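Engineer: Got a structure for you, query15.txt, holding compact mmCIF, C-alpha atoms.
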```txt
# COMPACT_ATOMS: atom_id res chain seq x y z
CA MET A 1 144.21 170.96 135.75
CA ALA A 2 146.03 172.94 133.00
CA PRO A 3 149.51 171.44 133.76
CA MET A 4 148.00 167.96 133.64
CA ARG A 5 146.33 168.69 130.30
CA ARG A 6 149.60 170.09 128.92
CA GLY A 7 151.47 166.93 130.01
CA LEU A 8 148.78 164.77 128.40
CA VAL A 9 149.07 166.74 125.14
CA HIS A 10 152.87 166.25 125.18
CA VAL A 11 152.51 162.50 125.77
CA LEU A 12 149.91 162.25 122.99
CA ALA A 13 152.14 164.21 120.58
CA TRP A 14 155.13 161.98 121.47
CA LEU A 15 153.04 158.81 120.91
CA LEU A 16 151.83 160.05 117.51
CA ALA A 17 155.33 161.05 116.40
CA THR A 18 156.82 157.73 117.58
CA GLY A 19 154.04 155.74 115.92
CA ALA A 20 154.54 157.62 112.66
CA ALA A 21 158.33 157.05 112.78
CA VAL A 22 157.93 153.32 113.49
CA THR A 23 155.36 152.95 110.71
CA LEU A 24 157.56 154.79 108.21
CA SER A 25 160.62 152.72 109.19
CA TRP A 26 158.69 149.45 108.95
CA TRP A 27 157.31 150.38 105.56
CA GLY A 28 160.80 151.23 104.25
CA VAL A 29 162.37 148.02 105.56
CA HIS A 30 159.43 145.93 104.31
CA THR A 31 159.74 147.47 100.83
CA VAL A 32 163.46 146.69 100.67
CA LEU A 33 163.10 143.13 101.98
CA ALA A 34 160.14 142.34 99.73
CA GLY A 35 162.33 143.04 96.70
CA THR A 36 165.06 140.59 97.77
CA ALA A 37 163.42 137.39 96.57
CA TYR A 38 166.07 135.42 94.71
CA GLU A 39 166.51 132.19 92.85
CA PRO A 40 168.36 129.50 94.80
CA PRO A 41 171.85 128.71 93.47
CA ARG A 42 171.93 126.20 90.64
CA ALA A 43 174.21 123.17 90.68
CA LEU A 44 177.02 123.20 88.16
CA PRO A 45 176.76 120.56 85.45
CA VAL A 46 179.13 117.67 86.05
CA PRO A 47 179.85 115.29 83.17
CA ALA A 48 178.68 111.69 83.55
CA ALA A 49 181.30 109.04 84.33
CA GLY A 50 181.40 107.70 80.76
CA SER A 51 181.06 111.06 79.03
CA SER A 52 184.04 112.80 77.47
CA ALA A 53 182.44 116.26 77.17
CA PRO A 54 180.37 118.04 79.79
CA GLU A 55 176.65 118.41 79.12
CA THR A 56 175.50 121.89 78.40
CA ALA A 57 172.42 122.78 80.38
CA SER A 58 170.78 126.11 79.98
CA ALA A 59 169.37 127.65 83.12
CA PRO A 60 165.73 128.67 83.01
CA PRO A 61 165.14 132.39 82.63
CA THR A 62 165.27 134.27 85.90
CA PRO A 63 161.90 135.84 86.70
CA ALA A 64 161.76 139.45 87.82
CA ALA A 65 161.81 139.96 91.57
CA SER A 66 158.41 139.18 92.97
CA PRO A 67 156.68 141.88 95.00
CA SER A 68 155.43 139.22 97.38
CA ARG A 69 157.59 138.25 100.28
CA PRO A 70 158.87 134.63 100.35
CA SER A 71 157.47 132.44 103.11
CA THR A 72 159.76 131.95 106.11
CA ALA A 73 157.86 128.95 107.46
CA GLU A 74 160.15 126.43 105.76
CA PRO A 75 163.88 126.72 104.87
CA ALA A 76 164.62 127.32 101.19
CA ARG A 77 165.58 124.23 99.24
CA PRO A 78 167.27 124.28 95.86
CA ALA A 79 165.10 123.35 92.92
CA PRO A 80 165.97 120.00 91.34
CA THR A 81 168.20 120.31 88.30
CA PRO A 82 166.69 118.73 85.19
CA THR A 83 168.72 115.88 83.74
CA ALA A 84 168.73 114.30 80.31
CA THR A 85 168.35 110.73 81.60
CA ALA A 86 166.56 109.31 84.60
CA THR A 87 168.77 107.78 87.28
CA PRO A 88 167.55 104.37 88.49
CA ALA A 89 167.10 103.97 92.24
CA ARG A 90 170.04 102.25 93.86
CA PRO A 91 169.52 99.64 96.58
CA ARG A 92 170.47 100.77 100.08
CA THR A 93 173.72 99.28 101.34
CA SER A 94 175.49 99.59 104.65
CA SER A 95 178.38 101.50 103.05
CA PRO A 96 177.35 103.37 99.91
CA THR A 97 180.04 103.68 97.29
CA PRO A 98 180.21 107.19 95.88
CA THR A 99 180.87 107.60 92.20
CA PRO A 100 183.43 110.38 91.94
CA THR A 101 183.59 112.10 88.59
CA PRO A 102 186.85 114.05 88.19
CA THR A 103 187.00 117.23 86.14
CA ALA A 104 190.12 119.41 85.93
CA THR A 105 189.88 123.03 87.14
CA ALA A 106 192.38 125.82 87.68
CA SER A 107 192.46 125.29 91.46
CA GLY A 108 192.29 121.49 91.58
CA ARG A 109 189.88 118.82 90.43
CA VAL A 110 186.13 118.76 90.82
CA ARG A 111 184.68 115.50 92.14
CA SER A 112 181.03 114.59 92.44
CA TYR A 113 179.82 112.13 95.08
CA ASP A 114 176.38 110.62 94.36
CA THR A 115 174.73 109.04 97.41
CA ASP A 116 171.27 107.75 98.26
CA GLY A 117 170.52 111.16 99.83
CA GLY A 118 171.80 113.42 97.07
CA ARG A 119 174.92 114.73 95.37
CA ALA A 120 177.84 116.68 96.84
CA VAL A 121 180.43 118.25 94.53
CA PHE A 122 183.85 119.35 95.84
CA ASP A 123 186.76 121.19 94.24
CA LEU A 124 189.74 119.31 95.68
CA GLY A 125 192.99 121.29 95.69
CA PRO A 126 196.43 120.09 96.76
CA ALA A 127 196.00 121.25 100.38
CA ASP A 128 192.33 122.24 100.79
CA ALA A 129 188.85 121.79 99.34
CA THR A 130 185.80 123.88 98.45
CA LEU A 131 182.18 122.81 98.29
CA VAL A 132 180.96 123.53 94.76
CA SER A 133 177.36 122.37 95.22
CA ALA A 134 175.18 120.05 97.25
CA THR A 135 171.79 118.91 96.00
CA PRO A 136 169.49 116.69 98.08
CA GLY A 137 167.56 113.89 96.38
CA ALA A 138 163.77 113.83 96.18
CA GLY A 139 162.34 113.66 99.70
CA TRP A 140 165.67 114.43 101.36
CA SER A 141 166.84 117.61 103.09
CA MET A 142 170.43 118.65 103.74
CA GLN A 143 172.64 120.64 106.05
CA VAL A 144 176.22 121.84 105.50
CA TRP A 145 178.95 122.53 108.07
CA LYS A 146 182.26 124.19 107.15
CA THR A 147 185.45 124.85 109.10
CA ALA A 148 189.02 125.73 108.12
CA SER A 149 189.98 122.04 107.80
CA TRP A 150 186.81 120.12 106.88
CA ILE A 151 183.40 120.32 105.18
CA ARG A 152 180.46 118.07 106.04
CA VAL A 153 177.29 117.69 103.95
CA GLU A 154 174.53 115.68 105.60
CA PHE A 155 171.43 114.47 103.77
CA VAL A 156 168.46 113.57 106.00
CA ARG A 157 165.15 111.81 105.37
CA GLY A 158 163.32 110.71 108.52
CA ALA A 159 165.73 108.52 110.48
CA ASP A 160 168.03 107.96 107.46
CA ARG A 161 171.21 110.03 107.31
CA VAL A 162 173.94 110.08 104.68
CA SER A 163 177.02 112.14 105.42
CA VAL A 164 179.69 113.25 102.91
CA PHE A 165 182.73 114.36 104.92
CA CYS A 166 185.74 116.07 103.29
CA THR A 167 188.85 116.62 105.48
CA TRP A 168 192.29 118.05 104.75
CA HIS A 169 193.71 118.96 108.18
CA ASP A 170 196.61 116.47 108.06
CA GLY A 171 197.28 116.14 104.32
CA PRO A 172 195.59 116.43 100.95
CA PRO A 173 191.78 116.43 100.93
CA ARG A 174 190.02 113.11 101.25
CA VAL A 175 186.29 112.38 101.15
CA GLU A 176 184.41 109.79 103.18
CA VAL A 177 180.76 108.82 102.73
CA GLY A 178 178.83 107.25 105.58
CA THR A 179 175.27 106.10 106.24
CA TYR A 180 173.73 106.34 109.70
```
Translate the structure of the given file into structure tokens.
Structural biologist:
Amino acid sequence: MAPMRRGLVHVLAWLLATGAAVTLSWWGVHTVLAGTAYEPPRALPVPAAGSSAPETASAPPTPAASPSRPSTAEPARPAPTPTATATPARPRTSSPTPTPTPTATASGRVRSYDTDGGRAVFDLGPADATLVSATPGAGWSMQVWKTASWIRVEFVRGADRVSVFCTWHDGPPRVEVGTY
């Protein structure tokens, strides 16, 4: 009976030590992750088509990191960027015409493509491109795919899909907008 009791005491001690280690580890990881709440990236201001100088928009003050953990039930969506003027709703067409707004940069030119689903902004260089920002419109969600030779931004609302596709695999970057 004594060897069985000794084995039971060892198992109980091991369970307590393991439980304490797991609890301590979980608490440490939880504390670190709870402090990682962050503001979503803000879209860069792009001047309007008729404007000669870019608008200056001040970003709202960044609140201190919240001790509460952000919900993981829904993917994070960027907050809408406030604008000085309201944009009227455009009628839906079979082939939306983007309104590129060029702005010179050190690496190329920044172009904004406004669609029914949102706005995608690319920095177009001589032989490649970079996604600067993508902001879905009200009621739309978005997804971005990137490879070494193309970038695709897709805006989705129900069955409606608008895709902004930038490719540069066989020449300088070109952007196509399609509605599905």
Engineer: Interatomic distance between CA of Ile151 (chain A) and CA of Phe165 (chain A)?
Structural biologist: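 We find that CA of Ile151 (chain A) and CA of Phe165 (chain A) lie 6.0 Å from each other.
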Engineer: How many Å separate CA of Asp116 (chain A) from CA of Pro172 (chain A)?
Structural biologist: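 The value is 26.0 Å.
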Engineer: Between A:Gly19, A:Gly118, A:Thr147, A:Val156, which residue has the minimum interatomic distance to His169 (chain A), considering only C-alpha atoms?
Structural biologist: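 Once distances to His169 (chain A) are computed over only C-alpha atoms, the minimum belongs to A:Thr147.
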Engineer: Env of Val162 (chain A): 10 Å cut, atoms = only C-alpha atoms, seq-sep filter 2 positions within chain, self excluded. Answer as a list of chain:residue names.
Structural biologist: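 Residues near the query, excluding close chain neighbours: A:Ser95, A:Pro96, A:Thr115, A:Asp116, A:Gly117, A:Gly118, A:Trp140, A:Met142, A:Val153, A:Glu154, A:Phe155, A:Val156, A:Arg157, A:Asp160, A:Val164, A:Phe165, A:Val177, A:Gly178, A:Thr179, A:Tyr180.
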Engineer: Using CA of Asp170 (chain A) and CA of Gly125 (chain A) as the two end points, give the distance in Å to one decimal.
Structural biologist: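 The value is 13.8 Å.
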Engineer: Put the listed atoms of region 152-160 of chain A in a box along x, y and z with 4 Å added on every side and give me the centre and edge lengths in Å to one decimal, as JSON.
Structural biologist:
```
{"center_x": 171.9, "center_y": 113.0, "center_z": 107.1, "size_x": 25.1, "size_y": 18.1, "size_z": 14.7}
```
Engineer: How would region 132-147 of chain A read, as a short mmCIF file (atom, residue, chain, number, x, y, z; two decimals), in the coordinates of the input, once N, CA and C atoms are built in?
Structural biologist:
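File produced: result_33.cif:
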```
data_model
loop_
_atom_site.label_atom_id
_atom_site.label_comp_id
_atom_site.auth_asym_id
_atom_site.auth_seq_id
_atom_site.Cartn_x
_atom_site.Cartn_y
_atom_site.Cartn_z
N VAL A 132 181.47 122.90 95.98
CA VAL A 132 180.96 123.53 94.76
C VAL A 132 179.45 123.57 94.81
N SER A 133 178.82 122.43 95.10
CA SER A 133 177.36 122.37 95.22
C SER A 133 176.97 121.14 96.01
N ALA A 134 175.77 121.20 96.57
CA ALA A 134 175.18 120.05 97.25
C ALA A 134 173.70 120.08 96.94
N THR A 135 173.20 118.98 96.42
CA THR A 135 171.79 118.91 96.00
C THR A 135 171.16 117.68 96.62
N PRO A 136 170.15 117.86 97.48
CA PRO A 136 169.49 116.69 98.08
C PRO A 136 168.62 115.97 97.04
N GLY A 137 168.44 114.67 97.24
CA GLY A 137 167.56 113.89 96.38
C GLY A 137 166.11 114.17 96.74
N ALA A 138 165.20 113.64 95.94
CA ALA A 138 163.77 113.83 96.18
C ALA A 138 163.41 113.27 97.55
N GLY A 139 162.75 114.08 98.37
CA GLY A 139 162.34 113.66 99.70
C GLY A 139 163.40 113.81 100.76
N TRP A 140 164.58 114.26 100.41
CA TRP A 140 165.67 114.43 101.36
C TRP A 140 165.89 115.92 101.62
N SER A 141 166.41 116.25 102.79
CA SER A 141 166.84 117.61 103.09
C SER A 141 168.34 117.53 103.39
N MET A 142 168.98 118.68 103.51
CA MET A 142 170.43 118.65 103.74
C MET A 142 170.85 119.79 104.65
N GLN A 143 172.03 119.62 105.22
CA GLN A 143 172.64 120.64 106.05
C GLN A 143 174.14 120.59 105.78
N VAL A 144 174.80 121.75 105.81
CA VAL A 144 176.22 121.84 105.50
C VAL A 144 176.94 122.51 106.67
N TRP A 145 178.07 121.94 107.07
CA TRP A 145 178.95 122.53 108.07
C TRP A 145 180.32 122.73 107.43
N LYS A 146 180.94 123.90 107.70
CA LYS A 146 182.26 124.19 107.15
C LYS A 146 183.17 124.72 108.25
N THR A 147 184.41 124.28 108.24
CA THR A 147 185.45 124.85 109.10
C THR A 147 186.68 125.08 108.23
#
```
